[in-house]
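Next comes start_32.txt, a file with compact mmCIF, C-alpha atoms.
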```txt
# COMPACT_ATOMS: atom_id res chain seq x y z
CA MET A 143 -13.34 58.96 35.91
CA ALA A 144 -15.91 58.78 33.11
CA HIS A 145 -19.51 58.45 34.23
CA THR A 146 -20.50 54.79 34.07
CA LEU A 147 -23.63 55.59 32.04
CA CYS A 148 -21.46 56.98 29.23
CA MET A 149 -19.01 54.09 29.25
CA THR A 150 -18.68 51.73 26.34
CA GLU A 151 -18.96 48.06 27.19
CA SER A 152 -15.20 47.70 26.99
CA GLU A 153 -14.63 50.63 29.38
CA LEU A 154 -17.26 49.23 31.69
CA ILE A 155 -15.51 45.85 31.77
CA GLN A 156 -12.19 47.52 32.58
CA ALA A 157 -13.81 49.53 35.38
CA CYS A 158 -15.48 46.38 36.77
CA LEU A 159 -12.11 44.64 36.75
CA ARG A 160 -10.81 47.46 38.97
CA ASN A 161 -13.65 46.60 41.39
CA ASP A 162 -15.36 49.92 40.67
CA ARG A 163 -18.69 49.31 42.40
CA LEU A 164 -20.56 51.93 40.31
CA ALA A 165 -19.42 50.23 37.12
CA GLN A 166 -20.48 46.83 38.48
CA LYS A 167 -23.91 48.24 39.31
CA GLU A 168 -24.18 49.74 35.81
CA LEU A 169 -23.30 46.39 34.20
CA TYR A 170 -25.93 44.72 36.39
CA GLU A 171 -28.51 47.36 35.40
CA ARG A 172 -27.82 46.85 31.71
CA TYR A 173 -28.45 43.11 31.81
CA ASN A 174 -30.57 42.37 34.86
CA SER A 175 -33.99 42.35 33.20
CA ALA A 176 -33.05 40.07 30.29
CA MET A 177 -31.16 37.70 32.59
CA TYR A 178 -33.89 37.68 35.23
CA THR A 179 -36.51 36.83 32.60
CA LEU A 180 -34.30 34.01 31.33
CA ALA A 181 -33.71 32.72 34.88
CA TYR A 182 -37.46 32.80 35.52
CA ARG A 183 -38.31 30.98 32.28
CA ILE A 184 -35.88 28.18 33.17
CA THR A 185 -36.80 27.86 36.85
CA ASN A 186 -40.48 28.84 36.55
CA ASP A 187 -40.18 30.32 40.03
CA PHE A 188 -39.52 33.96 40.94
CA GLU A 189 -37.80 33.15 44.25
CA MET A 190 -35.45 30.76 42.53
CA ALA A 191 -34.88 33.29 39.74
CA ASN A 192 -33.77 35.80 42.40
CA ASP A 193 -31.19 33.32 43.70
CA VAL A 194 -30.06 32.46 40.21
CA LEU A 195 -29.60 36.09 39.24
CA GLN A 196 -27.67 36.91 42.41
CA ASP A 197 -25.39 33.88 42.17
CA ALA A 198 -24.86 34.36 38.45
CA PHE A 199 -23.84 38.03 38.74
CA ILE A 200 -21.46 37.24 41.58
CA LYS A 201 -19.87 34.64 39.29
CA VAL A 202 -19.81 37.20 36.46
CA PHE A 203 -17.89 39.76 38.53
CA ARG A 204 -15.55 37.19 40.05
CA ASN A 205 -14.72 35.69 36.67
CA LEU A 206 -14.81 38.76 34.46
CA SER A 207 -11.03 38.58 33.99
CA LYS A 208 -11.60 35.24 32.23
CA PHE A 209 -13.98 36.79 29.65
CA ARG A 210 -12.01 36.40 26.40
CA ARG A 211 -14.34 38.42 24.18
CA GLU A 212 -14.91 35.38 21.95
CA SER A 213 -18.62 36.17 22.23
CA THR A 214 -20.53 39.27 23.27
CA LEU A 215 -20.55 40.06 26.97
CA GLY A 216 -24.32 39.47 26.97
CA ALA A 217 -23.91 35.98 25.52
CA TRP A 218 -21.21 35.20 28.09
CA ILE A 219 -23.39 36.37 30.97
CA LYS A 220 -26.34 34.44 29.51
CA THR A 221 -24.33 31.22 29.54
CA ILE A 222 -23.51 31.78 33.21
CA VAL A 223 -27.17 32.46 34.02
CA VAL A 224 -28.33 29.35 32.13
CA ARG A 225 -25.77 27.11 33.85
CA THR A 226 -26.60 28.58 37.26
CA ALA A 227 -30.32 28.15 36.66
CA LEU A 228 -29.90 24.56 35.45
CA SER A 229 -27.89 23.72 38.55
CA LYS A 230 -30.63 25.16 40.77
CA ILE A 231 -33.63 23.36 39.37
CA LYS A 232 -34.33 19.81 40.42
CA LYS A 233 -33.35 18.26 37.20
CA GLU A 234 -35.75 15.58 36.14
CA PRO A 235 -33.77 13.35 33.82
CA ILE A 236 -34.88 13.94 30.26
CA VAL A 237 -35.92 10.61 28.82
CA GLU A 238 -34.36 9.83 25.50
CA SER A 239 -37.39 9.85 23.26
CA LEU A 240 -38.27 9.16 19.67
CA GLU A 241 -36.03 11.29 17.50
CA ALA A 242 -37.68 14.16 15.70
CA LYS A 243 -36.89 12.74 12.28
CA HIS A 244 -39.25 9.85 12.98
CA ILE A 245 -42.11 12.10 14.05
CA LYS A 246 -44.70 12.34 11.35
CA GLU A 247 -47.13 14.69 13.06
CA SER A 248 -47.54 18.31 12.06
CA LEU A 249 -48.18 21.47 14.05
CA ASN A 250 -50.18 24.45 12.98
CA TRP A 251 -49.93 27.71 14.89
CA GLY A 252 -52.94 29.21 13.18
CA HIS A 253 -53.19 32.88 12.30
CA HIS A 254 -52.97 34.42 15.74
CA LEU A 255 -51.44 33.49 19.07
CA ASP A 256 -52.50 35.20 22.24
CA VAL A 257 -49.32 36.21 24.12
CA GLU A 258 -50.95 35.86 27.52
CA TYR A 259 -52.05 32.32 26.77
CA LEU A 260 -48.68 31.49 25.28
CA GLU A 261 -46.99 32.67 28.48
CA LYS A 262 -49.33 30.57 30.60
CA ALA A 263 -48.78 27.57 28.36
CA ILE A 264 -44.99 27.91 28.63
CA GLN A 265 -45.29 28.07 32.43
CA ALA A 266 -47.39 24.91 32.36
CA LEU A 267 -44.82 22.91 30.37
CA PRO A 268 -42.98 20.11 32.15
CA GLU A 269 -39.51 21.21 33.19
CA GLY A 270 -37.52 19.38 30.50
CA TYR A 271 -39.76 20.65 27.70
CA ARG A 272 -39.77 24.16 29.12
CA VAL A 273 -35.98 24.37 29.36
CA VAL A 274 -35.41 23.11 25.81
CA PHE A 275 -38.17 25.33 24.38
CA THR A 276 -36.86 28.41 26.23
CA LEU A 277 -33.26 27.90 25.23
CA ILE A 278 -33.96 27.17 21.58
CA GLU A 279 -37.03 29.18 20.62
CA ILE A 280 -36.67 32.17 22.95
CA GLU A 281 -32.93 32.43 23.53
CA GLY A 282 -31.79 31.23 20.13
CA TYR A 283 -29.49 28.41 21.23
CA ALA A 284 -28.68 25.65 18.71
CA HIS A 285 -29.65 22.05 19.37
CA LYS A 286 -25.96 21.16 19.73
CA GLU A 287 -25.49 23.79 22.46
CA VAL A 288 -28.61 22.64 24.30
CA ALA A 289 -27.54 19.01 23.99
CA ASP A 290 -24.16 19.91 25.55
CA LEU A 291 -25.74 21.98 28.32
CA LEU A 292 -28.29 19.31 29.27
CA ASN A 293 -26.06 16.35 28.52
CA ILE A 294 -28.52 14.83 26.04
CA SER A 295 -28.25 13.92 22.37
CA ILE A 296 -29.08 16.38 19.61
CA GLY A 297 -31.92 14.06 18.52
CA THR A 298 -33.41 14.17 22.00
CA SER A 299 -33.15 17.94 22.05
CA LYS A 300 -35.07 18.08 18.76
CA SER A 301 -37.77 15.69 19.90
CA GLN A 302 -38.12 17.47 23.25
CA LEU A 303 -38.67 20.69 21.36
CA PHE A 304 -41.30 19.11 19.17
CA TYR A 305 -43.18 17.65 22.14
CA ALA A 306 -42.90 20.96 23.94
CA LYS A 307 -44.51 22.75 21.02
CA LYS A 308 -47.21 20.11 20.71
CA ARG A 309 -48.00 20.48 24.42
CA LEU A 310 -48.04 24.26 24.06
CA ARG A 311 -50.47 24.11 21.18
CA LYS A 312 -52.73 21.80 23.12
CA THR A 313 -52.65 23.96 26.26
CA ILE A 314 -53.39 27.13 24.31
CA GLU A 315 -56.35 25.43 22.61
CA SER A 316 -57.74 24.32 25.95
CA LEU A 317 -57.26 27.83 27.37
CA LEU A 318 -59.16 29.28 24.41
CA LYS A 319 -62.07 26.94 25.06
CA ILE A 320 -62.47 28.13 28.67
CA MET B 942 -39.56 15.13 10.17
CA GLU B 943 -42.34 17.10 11.81
CA LYS B 944 -44.08 19.79 9.84
CA GLU B 945 -44.75 23.16 11.38
CA GLN B 946 -47.21 25.51 9.78
CA ASN B 947 -47.43 29.26 10.46
CA LYS B 948 -44.24 29.21 12.52
CA ALA B 949 -43.93 32.97 11.97
CA ILE B 950 -47.01 33.41 14.16
CA LEU B 951 -45.25 31.62 17.01
CA LYS B 952 -42.09 33.69 16.50
CA LYS B 953 -44.10 36.89 16.59
CA ALA B 954 -45.86 35.86 19.80
CA LEU B 955 -42.59 34.82 21.42
CA LEU B 956 -41.11 38.24 20.73
CA ALA B 957 -44.07 39.83 22.48
CA LEU B 958 -43.69 37.74 25.64
CA PRO B 959 -43.35 39.86 28.76
CA SER B 960 -40.02 40.48 30.40
CA TYR B 961 -39.55 40.54 34.15
CA HIS B 962 -37.54 42.72 36.48
CA PRO B 963 -35.69 41.50 39.54
CA PRO B 964 -36.62 43.01 42.91
CA GLU B 965 -34.86 46.28 43.71
CA ASP B 966 -32.97 44.86 46.66
CA LEU B 967 -31.39 42.02 44.69
CA TRP B 968 -28.39 44.19 43.86
CA HIS B 969 -27.69 44.64 47.59
CA GLY B 970 -27.18 40.89 47.95
CA ILE B 971 -24.69 40.91 45.08
CA GLU B 972 -22.96 44.00 46.47
CA LYS B 973 -22.70 42.37 49.90
CA GLU B 974 -21.05 39.25 48.46
CA LEU B 975 -18.66 41.33 46.38
CA GLY B 976 -17.92 43.39 49.50
CA LYS B 977 -16.68 40.23 51.20
CA ASP B 978 -14.20 39.82 48.35
CA SER B 979 -12.98 43.39 48.62
CA ASN B 980 -12.70 43.05 52.42
CA GLN B 981 -10.45 40.05 51.81
CA ASP B 982 -8.45 42.16 49.37
CA LEU B 983 -8.28 44.88 51.99
CA SER B 984 -7.17 42.47 54.71
CA SER B 985 -4.41 41.10 52.55
CA ALA B 986 -3.43 44.64 51.54
CA LEU B 987 -3.28 45.67 55.20
CA ALA B 988 -1.23 42.58 56.02
CA ASN B 989 1.19 43.61 53.30
CA LEU B 990 1.57 47.20 54.44
CA PRO B 991 5.18 48.23 53.96
CA SER B 992 7.48 48.62 56.90
CA TYR B 993 9.69 51.66 57.01
CA ARG B 994 13.39 51.87 57.74
CA PRO B 995 14.33 54.98 59.64
CA PRO B 996 17.01 57.19 58.10
CA THR B 997 20.54 56.40 59.32
CA GLN B 998 20.81 59.89 60.79
CA ILE B 999 18.20 58.97 63.38
CA TRP B 1000 20.38 56.19 64.77
CA GLU B 1001 23.38 58.52 64.78
CA GLY B 1002 21.38 60.96 66.87
CA ILE B 1003 20.27 58.21 69.26
CA GLN B 1004 23.82 56.89 69.52
CA GLY B 1005 25.18 60.39 70.18
CA ALA B 1006 22.62 60.98 72.91
CA LEU B 1007 23.38 57.60 74.50
CA GLU B 1008 27.11 58.27 74.45
CA GLN B 1009 26.61 61.62 76.11
CA GLU B 1010 24.41 60.07 78.76
CA SER B 1011 26.94 57.31 79.39
CA LEU B 1012 29.73 59.89 79.70
CA GLN B 1013 27.75 61.90 82.19
CA GLU B 1014 26.99 58.75 84.16
CA THR B 1015 30.69 57.84 84.34
CA LYS B 1016 31.57 61.36 85.52
CA THR B 1017 28.89 61.19 88.16
CA LYS B 1018 30.15 57.82 89.31
CA LEU B 1019 33.67 59.11 89.49
CA ILE B 1020 32.59 62.00 91.59
CA GLN B 1021 30.44 59.89 93.83
CA PHE B 1022 33.09 57.19 94.36
CA PRO B 1023 34.13 57.26 98.05
CA ILE B 1024 37.73 58.35 98.29
CA ARG B 1025 39.71 56.74 101.01
CA ARG B 1026 43.28 57.78 101.57
CA GLY B 1027 44.69 54.26 102.24
CA TRP B 1028 43.26 52.89 99.05
CA LEU B 1029 44.52 55.88 97.11
CA ILE B 1030 48.12 55.30 98.29
CA ALA B 1031 47.92 51.56 97.51
CA ALA B 1032 46.56 52.26 94.04
CA SER B 1033 49.31 54.81 93.34
CA ILE B 1034 52.01 52.29 94.30
CA ALA B 1035 50.43 49.59 92.11
CA LEU B 1036 50.29 52.03 89.21
CA LEU B 1037 53.94 53.01 89.62
CA LEU B 1038 55.01 49.35 89.70
CA THR B 1039 53.04 48.51 86.57
CA ALA B 1040 54.44 51.50 84.68
CA SER B 1041 58.00 50.58 85.65
CA TRP B 1042 57.48 47.03 84.45
CA ILE B 1043 56.10 48.18 81.09
CA ILE B 1044 59.06 50.56 80.52
CA TYR B 1045 61.55 47.83 81.46
CA SER B 1046 59.93 45.31 79.10
CA ALA B 1047 59.92 47.80 76.23
CA ILE B 1048 63.63 48.54 76.60
CA ASN B 1049 64.56 44.82 76.65
CA MET B 1050 62.24 43.67 73.85
CA GLY B 1051 63.48 46.31 71.42
CA SER B 1052 61.71 46.18 68.08
CA ALA B 1053 60.54 42.56 68.36
CA GLU B 1054 56.88 43.62 68.25
CA LYS B 1055 55.44 45.87 65.63
CA VAL B 1056 52.12 47.52 65.59
CA SER B 1057 50.61 48.19 62.17
CA TYR B 1058 47.60 50.20 61.19
CA ALA B 1059 45.35 49.88 58.19
CA SER B 1060 42.59 52.08 57.03
CA SER B 1061 39.80 51.58 54.51
CA THR B 1062 37.05 53.76 53.16
CA ILE B 1063 33.54 52.54 53.77
CA GLU B 1064 31.15 53.66 51.09
CA VAL B 1065 27.96 54.96 52.54
CA VAL B 1066 25.09 53.36 50.63
CA PRO B 1067 22.22 55.82 50.38
CA TYR B 1068 18.99 54.43 51.76
CA ASP B 1069 16.12 54.15 49.36
CA ILE B 1070 12.62 54.63 50.64
CA ASN B 1071 9.70 54.76 48.27
CA PHE B 1072 7.22 56.97 50.04
CA GLN B 1073 4.67 56.50 47.23
CA GLU B 1074 4.66 52.69 47.31
CA ASP B 1075 1.55 52.27 49.49
CA GLU B 1076 -0.35 55.21 48.02
CA PRO B 1077 -2.87 53.07 46.02
CA MET B 1078 -3.73 51.05 49.15
CA ILE B 1079 -4.24 54.22 51.22
CA ILE B 1080 -6.50 55.66 48.51
CA GLN B 1081 -8.46 52.38 48.34
CA VAL B 1082 -9.03 52.31 52.09
CA SER B 1083 -9.91 56.01 52.41
CA ASP B 1084 -12.32 55.81 49.45
CA ALA B 1085 -14.02 52.75 50.93
CA PHE B 1086 -14.15 54.49 54.33
CA GLU B 1087 -15.65 57.63 52.81
CA ARG B 1088 -18.45 55.62 51.17
CA SER B 1089 -19.09 53.15 53.96
CA PRO B 1090 -22.40 53.75 55.79
CA LEU B 1091 -20.89 52.20 58.93
CA ALA B 1092 -17.99 54.66 58.82
CA GLN B 1093 -20.32 57.59 58.22
CA SER B 1094 -22.21 56.75 61.39
CA GLN B 1095 -19.04 57.03 63.51
CA SER B 1096 -18.48 60.15 65.60
CA ASN B 1097 -14.86 60.44 64.48
CA TYR B 1098 -15.69 60.02 60.77
CA GLN B 1099 -15.11 63.66 59.87
CA SER B 1100 -12.04 64.09 62.05
CA LEU B 1101 -10.36 61.04 60.50
CA MET B 1102 -11.15 62.32 57.02
CA ASP B 1103 -9.86 65.82 57.91
CA ASN B 1104 -6.69 64.50 59.52
CA LEU B 1105 -5.90 62.31 56.54
CA ASN B 1106 -6.50 65.20 54.15
CA GLU B 1107 -4.20 67.46 56.17
CA LEU B 1108 -1.48 64.82 56.23
CA ASN B 1109 -1.90 64.25 52.50
CA MET B 1110 -1.41 67.96 51.87
CA ALA B 1111 1.61 68.09 54.18
CA LYS B 1112 3.14 65.11 52.42
CA SER B 1113 2.59 66.73 49.00
CA ALA B 1114 4.22 69.96 50.21
CA ILE B 1115 7.29 68.13 51.54
CA LEU B 1116 7.63 66.01 48.42
CA GLU B 1117 7.48 69.20 46.35
CA MET B 1118 10.16 70.81 48.50
CA MET B 1119 12.33 67.71 48.20
CA GLN B 1120 11.95 67.84 44.44
CA ASN B 1121 13.07 71.45 44.38
CA TYR B 1122 15.83 71.38 46.99
CA GLY B 1123 17.16 67.84 46.89
CA GLU B 1124 15.90 64.57 48.25
CA GLU B 1125 18.52 63.87 50.89
CA ASP B 1126 17.75 66.46 53.49
CA PRO B 1127 17.56 64.40 56.71
CA GLN B 1128 15.08 66.75 58.36
CA MET B 1129 12.63 66.46 55.47
CA ILE B 1130 13.05 62.67 55.33
CA LYS B 1131 12.33 62.49 59.04
CA GLU B 1132 9.21 64.65 58.67
CA LEU B 1133 8.03 62.55 55.75
CA ALA B 1134 8.56 59.34 57.78
CA ASP B 1135 6.55 60.88 60.66
CA ILE B 1136 3.73 61.82 58.28
CA GLU B 1137 3.69 58.31 56.78
CA ARG B 1138 3.45 56.79 60.25
CA SER B 1139 0.55 59.07 61.16
CA ARG B 1140 -1.19 58.32 57.86
CA THR B 1141 -0.78 54.57 58.42
CA ASP B 1142 -2.31 54.93 61.91
CA ILE B 1143 -5.32 56.78 60.48
CA VAL B 1144 -5.76 54.27 57.64
CA MET B 1145 -5.70 51.39 60.13
CA LYS B 1146 -8.44 53.14 62.13
CA MET B 1147 -10.45 53.71 58.95
CA ALA B 1148 -10.13 50.07 57.91
CA ARG B 1149 -12.00 48.96 61.03
CA PHE B 1150 -15.18 50.65 59.80
CA ILE B 1151 -15.23 49.40 56.23
```
What does this structure look like when you write it as structure tokens?
Amino acid sequence: MAHTLCMTESELIQACLRNDRLAQKELYERYNSAMYTLAYRITNDFEMANDVLQDAFIKVFRNLSKFRRESTLGAWIKTIVVRTALSKIKKEPIVESLEAKHIKESLNWGHHLDVEYLEKAIQALPEGYRVVFTLIEIEGYAHKEVADLLNISIGTSKSQLFYAKKRLRKTIESLLKI
Amino acid sequence: MEKEQNKAILKKALLALPSYHPPEDLWHGIEKELGKDSNQDLSSALANLPSYRPPTQIWEGIQGALEQESLQETKTKLIQFPIRRGWLIAASIALLLTASWIIYSAINMGSAEKVSYASSTIEVVPYDINFQEDEPMIIQVSDAFERSPLAQSQSNYQSLMDNLNELNMAKSAILEMMQNYGEEDPQMIKELADIERSRTDIVMKMARFI
């Protein structure tokens, strides 16, 4: 048997499908940090992120035979993590708000953003804003995908993102003043 | 539409955000859950263990032995039967009378009754046992047993592993001999069936500690 470290992703998937525990561990090792960070950014809670990661990887291994390779394995796992995380958090209903096209305000990020402050500001965002901001700006999801995941309209997704950014900017400014 | 100035600055900062690592023991929770699945697989595999049909020669041997025993029993009974002269004389007379009546009937009936005989050849269908059928399941169980911390803590861990290895080697040797000298030797088939039974016993013991 080839060493799991040397396996290509395809070989690793095949080995995982044979319930090869070393291969399953290797797959977990390859993705755990990225997925844990994502789970934490959605839940804003390390304990909950632990649960999300565990549940999500169990789903990954139990459903790996259904992975059709229509996306990358990472994207497929990410979807499972996002869905698991969304089901864990107490979802506050996202209020349909003014659509982004009607918003006339502008945002200026200035010439430098302190990463530490940005992280703190993200953590301080209300749940709905934080989820939309994380999925779109950090994870690269499209508004349509986020709208489907959160069961909201595309317009609401856009406006939530705008308000999230506005709140971020404001929080960072107040942190800088301290 | 909102305007966003210096968005590149935000993008740059987002890329520099820290990443987090799950606790070391998180994998154990996943492994434990997956272990439940494989235990279910194992249980269903054990429930589906094949049953073996003994070679026909074994029954022939049993039948032969039983017939011999029965014959010996009859002889013993005959010898032990209490012989009484009066009964012996009465039985002899009854036998003579019966024989006379049969001879008389045969002469008078002539050829009215015919006895016919028929014979047919019964084709012996060779039995077909696949001694390799349950090999993947045995390998799965022994591998899981070898890795299981619970199994490793058992006092008979090494002896079970050694016994299974010895039986595996014996099975390979017999299969090789059967390949070279023909696969229908009843003695070899019997030995192979014995080995398979012993291997199944060991695998069942191993499965308890997985």
Shortest interatomic distance to chain B - which of A:Asn205, A:Asn161, A:Gln156, A:Ser248, counting all atoms listed in the file: A:Ser248
d(CA of Ala181 in chain A, CA of Lys220 in chain A) in Å: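 Separating CA of Ala181 in chain A from CA of Lys220 in chain A is a distance of 9.3 Å.
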Counting only C-alpha atoms, chain A residues within 10 Å of chain B, as a PyMOL selection string: chain A and resi 161+163+166-167+170-171+174-183+188-189+191-193+195-201+203-204+241-261+276+279-280+301+304+307
Residues within 10 Å of Ile1143 in chain B, only C-alpha atoms, excluding chain neighbours under 4 positions, as a count of residues only: 12
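The interatomic distance for the pair CA of Gln302 in chain A and CA of Val274 in chain A works out to 6.8 Å.
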